[in-house]
Amino acid sequence: MAQNCTAFLVALGFLVWQAQPGMLDFTNLTFYSVSFVIAYMCGRQFSTSPSGLILTIAADVSDFETSESGHYVSGMMGTIFSLTDSIASSLAPMSIGWVLAAFGYGAAYPDETTALTPNYDG
């Protein structure tokens with residue numbers, strides 16, 4: 001399942017990388033628009049489905065350990081889940097910062113004179 005998630009996220013990243021302004025248009029459906037929507041939906045499904053399974057699996061593992069060894073480990077399972085959730089929650093913004101720094105946003109902060117979309121005529 002992780003390979004599928006990675007494949008769809010790589011496909012979505014490739015579509016975003018190849019994008020040109022105006023390619024994603026939902027009034028005139030193009031191959032790019034349809035493939036972007038499909039890749040986005042699949043990427044969201046594969047990236048969110050494992051998190052919904054974690055709590056139910058933790059309860060099953062706790063019950064299995066209690067039945068096999070006799071030790072009640074629900075507190076330990078909750079602690080391990082909380083620790084891994086805290087680590088993941090702190091690494092996500094940090095990785096976004098690394099990506100933004102790799103694209104050059106680390107040199108200076110944008111201010112009111114920074115052009116957001118210089119070719120926008122709207």
# chains A, B, ... in the order shown; residues from 1 in each chain; ligands from 1
call {"tool": "residues_around", "arguments": {"residues": "A:Met76", "least_positions_apart": "6", "cutoff": "12 Å", "atoms": "only C-alpha atoms", "output": "list in words"}}
result
Ala58, Ala59, Val61, Ser62, Glu65, Thr66, Ser82 and Leu83 of chain A
call {"tool": "write_last_selection", "arguments": {"atoms": "all heavy atoms", "output": "PDB file, in the first residue's frame"}}
result
ATOM      1  N   ALA A  58      -4.263  -0.758  16.905  1.00  0.00           N
ATOM      2  CA  ALA A  58      -3.671  -0.674  18.248  1.00  0.00           C
ATOM      3  C   ALA A  58      -4.532  -1.422  19.260  1.00  0.00           C
ATOM      4  O   ALA A  58      -4.003  -2.122  20.136  1.00  0.00           O
ATOM      5  CB  ALA A  58      -3.494   0.777  18.662  1.00  0.00           C
ATOM      6  N   ALA A  59      -5.838  -1.326  19.145  1.00  0.00           N
ATOM      7  CA  ALA A  59      -6.720  -2.048  20.064  1.00  0.00           C
ATOM      8  C   ALA A  59      -6.599  -3.555  19.849  1.00  0.00           C
ATOM      9  O   ALA A  59      -6.562  -4.330  20.822  1.00  0.00           O
ATOM     10  CB  ALA A  59      -8.161  -1.602  19.862  1.00  0.00           C
ATOM     11  N   VAL A  61      -3.965  -5.201  18.633  1.00  0.00           N
ATOM     12  CA  VAL A  61      -2.651  -5.635  19.101  1.00  0.00           C
ATOM     13  C   VAL A  61      -2.631  -5.711  20.623  1.00  0.00           C
ATOM     14  O   VAL A  61      -2.078  -6.648  21.211  1.00  0.00           O
ATOM     15  CB  VAL A  61      -1.552  -4.687  18.575  1.00  0.00           C
ATOM     16  CG1 VAL A  61      -0.219  -4.937  19.253  1.00  0.00           C
ATOM     17  CG2 VAL A  61      -1.416  -4.825  17.077  1.00  0.00           C
ATOM     18  N   SER A  62      -3.267  -4.737  21.273  1.00  0.00           N
ATOM     19  CA  SER A  62      -3.333  -4.757  22.735  1.00  0.00           C
ATOM     20  C   SER A  62      -4.104  -5.976  23.239  1.00  0.00           C
ATOM     21  O   SER A  62      -3.672  -6.650  24.191  1.00  0.00           O
ATOM     22  CB  SER A  62      -3.996  -3.471  23.229  1.00  0.00           C
ATOM     23  OG  SER A  62      -4.191  -3.514  24.611  1.00  0.00           O
ATOM     24  N   GLU A  65      -1.915  -9.121  22.712  1.00  0.00           N
ATOM     25  CA  GLU A  65      -0.830  -9.216  23.695  1.00  0.00           C
ATOM     26  C   GLU A  65      -1.375  -9.625  25.065  1.00  0.00           C
ATOM     27  O   GLU A  65      -0.765 -10.427  25.772  1.00  0.00           O
ATOM     28  CB  GLU A  65      -0.075  -7.892  23.795  1.00  0.00           C
ATOM     29  CG  GLU A  65       1.071  -7.887  24.760  1.00  0.00           C
ATOM     30  CD  GLU A  65       2.189  -8.836  24.377  1.00  0.00           C
ATOM     31  OE1 GLU A  65       2.379  -9.089  23.174  1.00  0.00           O
ATOM     32  OE2 GLU A  65       2.868  -9.340  25.288  1.00  0.00           O
ATOM     33  N   THR A  66      -2.532  -9.096  25.437  1.00  0.00           N
ATOM     34  CA  THR A  66      -3.133  -9.467  26.714  1.00  0.00           C
ATOM     35  C   THR A  66      -3.517 -10.943  26.725  1.00  0.00           C
ATOM     36  O   THR A  66      -3.309 -11.645  27.722  1.00  0.00           O
ATOM     37  CB  THR A  66      -4.370  -8.594  26.995  1.00  0.00           C
ATOM     38  OG1 THR A  66      -3.980  -7.225  26.982  1.00  0.00           O
ATOM     39  CG2 THR A  66      -4.984  -8.917  28.341  1.00  0.00           C
ATOM     40  N   SER A  82       1.053   8.008  20.879  1.00  0.00           N
ATOM     41  CA  SER A  82       1.210   9.435  21.144  1.00  0.00           C
ATOM     42  C   SER A  82       2.608   9.925  20.779  1.00  0.00           C
ATOM     43  O   SER A  82       2.771  11.007  20.218  1.00  0.00           O
ATOM     44  CB  SER A  82       0.922   9.713  22.619  1.00  0.00           C
ATOM     45  OG  SER A  82       1.124  11.065  22.921  1.00  0.00           O
ATOM     46  N   LEU A  83       3.622   9.121  21.094  1.00  0.00           N
ATOM     47  CA  LEU A  83       4.998   9.500  20.766  1.00  0.00           C
ATOM     48  C   LEU A  83       5.197   9.586  19.253  1.00  0.00           C
ATOM     49  O   LEU A  83       5.737  10.580  18.752  1.00  0.00           O
ATOM     50  CB  LEU A  83       5.978   8.492  21.364  1.00  0.00           C
ATOM     51  CG  LEU A  83       7.446   8.704  20.989  1.00  0.00           C
ATOM     52  CD1 LEU A  83       7.969   9.993  21.601  1.00  0.00           C
ATOM     53  CD2 LEU A  83       8.284   7.523  21.415  1.00  0.00           C
TER      54      LEU A  83
END
call {"tool": "select_by_dssp", "arguments": {"residues": "stretch 5-93 of chain A", "states": "alpha helix (DSSP H)", "output": "short mmCIF file (atom, residue, chain, number, x, y, z; two decimals) with N, CA and C atoms, in the first residue's frame"}}
result
data_model
loop_
_atom_site.label_atom_id
_atom_site.label_comp_id
_atom_site.auth_asym_id
_atom_site.auth_seq_id
_atom_site.Cartn_x
_atom_site.Cartn_y
_atom_site.Cartn_z
N CYS A 5 0.79 4.53 -2.61
CA CYS A 5 0.71 5.91 -2.15
C CYS A 5 1.87 6.71 -2.71
N THR A 6 3.05 6.14 -2.67
CA THR A 6 4.23 6.83 -3.19
C THR A 6 4.10 7.06 -4.69
N ALA A 7 3.61 6.07 -5.41
CA ALA A 7 3.47 6.20 -6.86
C ALA A 7 2.49 7.31 -7.22
N PHE A 8 1.36 7.38 -6.52
CA PHE A 8 0.38 8.42 -6.82
C PHE A 8 0.89 9.80 -6.41
N LEU A 9 1.59 9.90 -5.31
CA LEU A 9 2.14 11.19 -4.91
C LEU A 9 3.24 11.64 -5.86
N VAL A 10 4.04 10.70 -6.38
CA VAL A 10 5.05 11.05 -7.38
C VAL A 10 4.37 11.50 -8.67
N ALA A 11 3.29 10.82 -9.06
CA ALA A 11 2.55 11.23 -10.26
C ALA A 11 1.96 12.61 -10.09
N LEU A 12 1.41 12.89 -8.92
CA LEU A 12 0.86 14.22 -8.65
C LEU A 12 1.96 15.26 -8.67
N GLY A 13 3.11 14.95 -8.09
CA GLY A 13 4.24 15.87 -8.11
C GLY A 13 4.73 16.13 -9.52
N PHE A 14 4.75 15.08 -10.37
CA PHE A 14 5.16 15.24 -11.76
C PHE A 14 4.18 16.14 -12.51
N LEU A 15 2.88 15.95 -12.26
CA LEU A 15 1.89 16.81 -12.92
C LEU A 15 2.05 18.27 -12.50
N VAL A 16 2.30 18.49 -11.23
CA VAL A 16 2.49 19.86 -10.74
C VAL A 16 3.77 20.44 -11.32
N TRP A 17 4.82 19.62 -11.41
CA TRP A 17 6.11 20.09 -11.92
C TRP A 17 6.00 20.50 -13.39
N PHE A 31 -6.75 16.78 -20.81
CA PHE A 31 -6.13 15.59 -20.24
C PHE A 31 -5.41 15.94 -18.93
N TYR A 32 -4.78 17.11 -18.91
CA TYR A 32 -4.06 17.52 -17.71
C TYR A 32 -5.02 17.72 -16.54
N SER A 33 -6.15 18.36 -16.76
CA SER A 33 -7.12 18.61 -15.69
C SER A 33 -7.67 17.31 -15.12
N VAL A 34 -8.06 16.40 -16.01
CA VAL A 34 -8.63 15.13 -15.56
C VAL A 34 -7.59 14.28 -14.83
N SER A 35 -6.37 14.20 -15.38
CA SER A 35 -5.34 13.40 -14.73
C SER A 35 -4.91 14.01 -13.41
N PHE A 36 -4.91 15.33 -13.30
CA PHE A 36 -4.58 15.98 -12.04
C PHE A 36 -5.62 15.64 -10.97
N VAL A 37 -6.89 15.71 -11.32
CA VAL A 37 -7.96 15.41 -10.36
C VAL A 37 -7.89 13.96 -9.92
N ILE A 38 -7.67 13.04 -10.86
CA ILE A 38 -7.58 11.61 -10.51
C ILE A 38 -6.38 11.35 -9.63
N ALA A 39 -5.23 11.90 -9.98
CA ALA A 39 -4.03 11.69 -9.16
C ALA A 39 -4.18 12.32 -7.78
N TYR A 40 -4.84 13.48 -7.71
CA TYR A 40 -5.05 14.13 -6.42
C TYR A 40 -5.98 13.29 -5.54
N MET A 41 -7.07 12.79 -6.11
CA MET A 41 -8.01 11.98 -5.33
C MET A 41 -7.36 10.70 -4.84
N CYS A 42 -6.60 10.04 -5.70
CA CYS A 42 -5.93 8.80 -5.30
C CYS A 42 -4.85 9.08 -4.25
N GLY A 43 -4.12 10.15 -4.43
CA GLY A 43 -3.10 10.50 -3.45
C GLY A 43 -3.69 10.81 -2.09
N ARG A 44 -4.81 11.53 -2.06
CA ARG A 44 -5.48 11.82 -0.78
C ARG A 44 -6.00 10.54 -0.14
N GLN A 45 -6.56 9.65 -0.93
CA GLN A 45 -7.09 8.40 -0.39
C GLN A 45 -5.98 7.56 0.22
N PHE A 46 -4.89 7.39 -0.52
CA PHE A 46 -3.81 6.53 -0.03
C PHE A 46 -3.03 7.18 1.11
N SER A 47 -3.02 8.50 1.18
CA SER A 47 -2.28 9.13 2.27
C SER A 47 -3.09 9.23 3.55
N THR A 48 -4.41 9.21 3.47
CA THR A 48 -5.22 9.32 4.68
C THR A 48 -5.74 7.99 5.19
N SER A 49 -5.79 6.97 4.36
CA SER A 49 -6.36 5.70 4.82
C SER A 49 -5.52 5.01 5.90
N PRO A 50 -4.19 5.06 5.88
CA PRO A 50 -3.44 4.39 6.96
C PRO A 50 -3.69 5.02 8.33
N SER A 51 -3.91 6.33 8.39
CA SER A 51 -4.11 6.96 9.70
C SER A 51 -5.43 6.54 10.33
N GLY A 52 -6.42 6.19 9.54
CA GLY A 52 -7.68 5.72 10.09
C GLY A 52 -7.60 4.30 10.63
N LEU A 53 -6.62 3.55 10.20
CA LEU A 53 -6.48 2.17 10.64
C LEU A 53 -5.66 2.02 11.91
N ILE A 54 -4.89 3.02 12.25
CA ILE A 54 -3.94 2.91 13.36
C ILE A 54 -4.63 2.64 14.69
N LEU A 55 -5.67 3.38 15.01
CA LEU A 55 -6.31 3.21 16.31
C LEU A 55 -6.99 1.86 16.44
N THR A 56 -7.59 1.37 15.37
CA THR A 56 -8.25 0.07 15.46
C THR A 56 -7.22 -1.06 15.54
N ILE A 57 -6.11 -0.91 14.85
CA ILE A 57 -5.07 -1.93 14.94
C ILE A 57 -4.43 -1.94 16.31
N ALA A 58 -4.26 -0.76 16.90
CA ALA A 58 -3.67 -0.67 18.25
C ALA A 58 -4.53 -1.42 19.26
N ALA A 59 -5.84 -1.33 19.14
CA ALA A 59 -6.72 -2.05 20.06
C ALA A 59 -6.60 -3.56 19.85
N ASP A 60 -6.51 -3.99 18.60
CA ASP A 60 -6.36 -5.42 18.32
C ASP A 60 -5.03 -5.96 18.82
N VAL A 61 -3.97 -5.20 18.63
CA VAL A 61 -2.65 -5.63 19.10
C VAL A 61 -2.63 -5.71 20.62
N SER A 62 -3.27 -4.74 21.27
CA SER A 62 -3.33 -4.76 22.74
C SER A 62 -4.10 -5.98 23.24
N ASP A 63 -5.22 -6.28 22.60
CA ASP A 63 -5.99 -7.47 22.99
C ASP A 63 -5.22 -8.76 22.75
N PHE A 64 -4.50 -8.83 21.64
CA PHE A 64 -3.71 -10.01 21.34
C PHE A 64 -2.60 -10.20 22.37
N GLU A 65 -1.92 -9.12 22.71
CA GLU A 65 -0.83 -9.22 23.69
C GLU A 65 -1.37 -9.62 25.07
N THR A 66 -2.53 -9.10 25.44
CA THR A 66 -3.13 -9.47 26.71
C THR A 66 -3.52 -10.94 26.72
N SER A 67 -4.06 -11.44 25.62
CA SER A 67 -4.46 -12.85 25.58
C SER A 67 -3.26 -13.80 25.54
N GLU A 68 -2.17 -13.38 24.91
CA GLU A 68 -1.01 -14.26 24.78
C GLU A 68 -0.12 -14.26 26.02
N SER A 69 0.15 -13.05 26.56
CA SER A 69 1.11 -12.98 27.67
C SER A 69 0.46 -12.71 29.02
N SER A 74 -2.44 -1.72 27.21
CA SER A 74 -3.17 -0.64 26.54
C SER A 74 -2.52 0.72 26.78
N GLY A 75 -2.03 0.95 27.97
CA GLY A 75 -1.36 2.21 28.27
C GLY A 75 -0.08 2.38 27.46
N MET A 76 0.67 1.29 27.33
CA MET A 76 1.90 1.35 26.55
C MET A 76 1.58 1.61 25.08
N MET A 77 0.53 0.99 24.55
CA MET A 77 0.15 1.21 23.15
C MET A 77 -0.26 2.66 22.93
N GLY A 78 -0.99 3.24 23.88
CA GLY A 78 -1.36 4.64 23.77
C GLY A 78 -0.16 5.56 23.82
N THR A 79 0.81 5.22 24.67
CA THR A 79 2.02 6.03 24.78
C THR A 79 2.84 5.96 23.50
N ILE A 80 2.97 4.78 22.93
CA ILE A 80 3.72 4.63 21.68
C ILE A 80 3.02 5.39 20.56
N PHE A 81 1.70 5.30 20.48
CA PHE A 81 0.96 6.04 19.46
C PHE A 81 1.14 7.53 19.63
N SER A 82 1.05 8.01 20.88
CA SER A 82 1.21 9.44 21.14
C SER A 82 2.61 9.93 20.78
N LEU A 83 3.62 9.12 21.09
CA LEU A 83 5.00 9.50 20.77
C LEU A 83 5.20 9.59 19.25
N THR A 84 4.76 8.58 18.53
CA THR A 84 4.95 8.61 17.07
C THR A 84 4.12 9.71 16.43
N ASP A 85 2.94 9.99 16.96
CA ASP A 85 2.12 11.08 16.44
C ASP A 85 2.79 12.42 16.69
N SER A 86 3.40 12.60 17.86
CA SER A 86 4.10 13.85 18.16
C SER A 86 5.31 14.03 17.27
N ILE A 87 6.04 12.97 17.02
CA ILE A 87 7.21 13.06 16.15
C ILE A 87 6.79 13.40 14.72
N ALA A 88 5.76 12.74 14.22
CA ALA A 88 5.29 13.02 12.87
C ALA A 88 4.74 14.44 12.76
N SER A 89 4.04 14.90 13.79
CA SER A 89 3.49 16.25 13.77
C SER A 89 4.57 17.32 13.79
N SER A 90 5.70 17.02 14.39
CA SER A 90 6.78 18.01 14.41
C SER A 90 7.64 17.93 13.16
N LEU A 91 7.73 16.76 12.53
CA LEU A 91 8.55 16.63 11.32
C LEU A 91 7.85 17.18 10.08
N ALA A 92 6.53 17.18 10.05
CA ALA A 92 5.81 17.64 8.86
C ALA A 92 6.08 19.11 8.56
N PRO A 93 5.91 20.04 9.51
CA PRO A 93 6.22 21.44 9.18
C PRO A 93 7.70 21.67 8.89
#
call {"tool": "atom_distance", "arguments": {"atom1": "atom CA of A:Ala115", "atom2": "atom CA of A:Ala102"}}
result
19.4 Å
call {"tool": "atom_distance", "arguments": {"atom1": "atom CA of A:Phe103", "atom2": "atom CA of A:Gln18"}}
result
15.9 Å
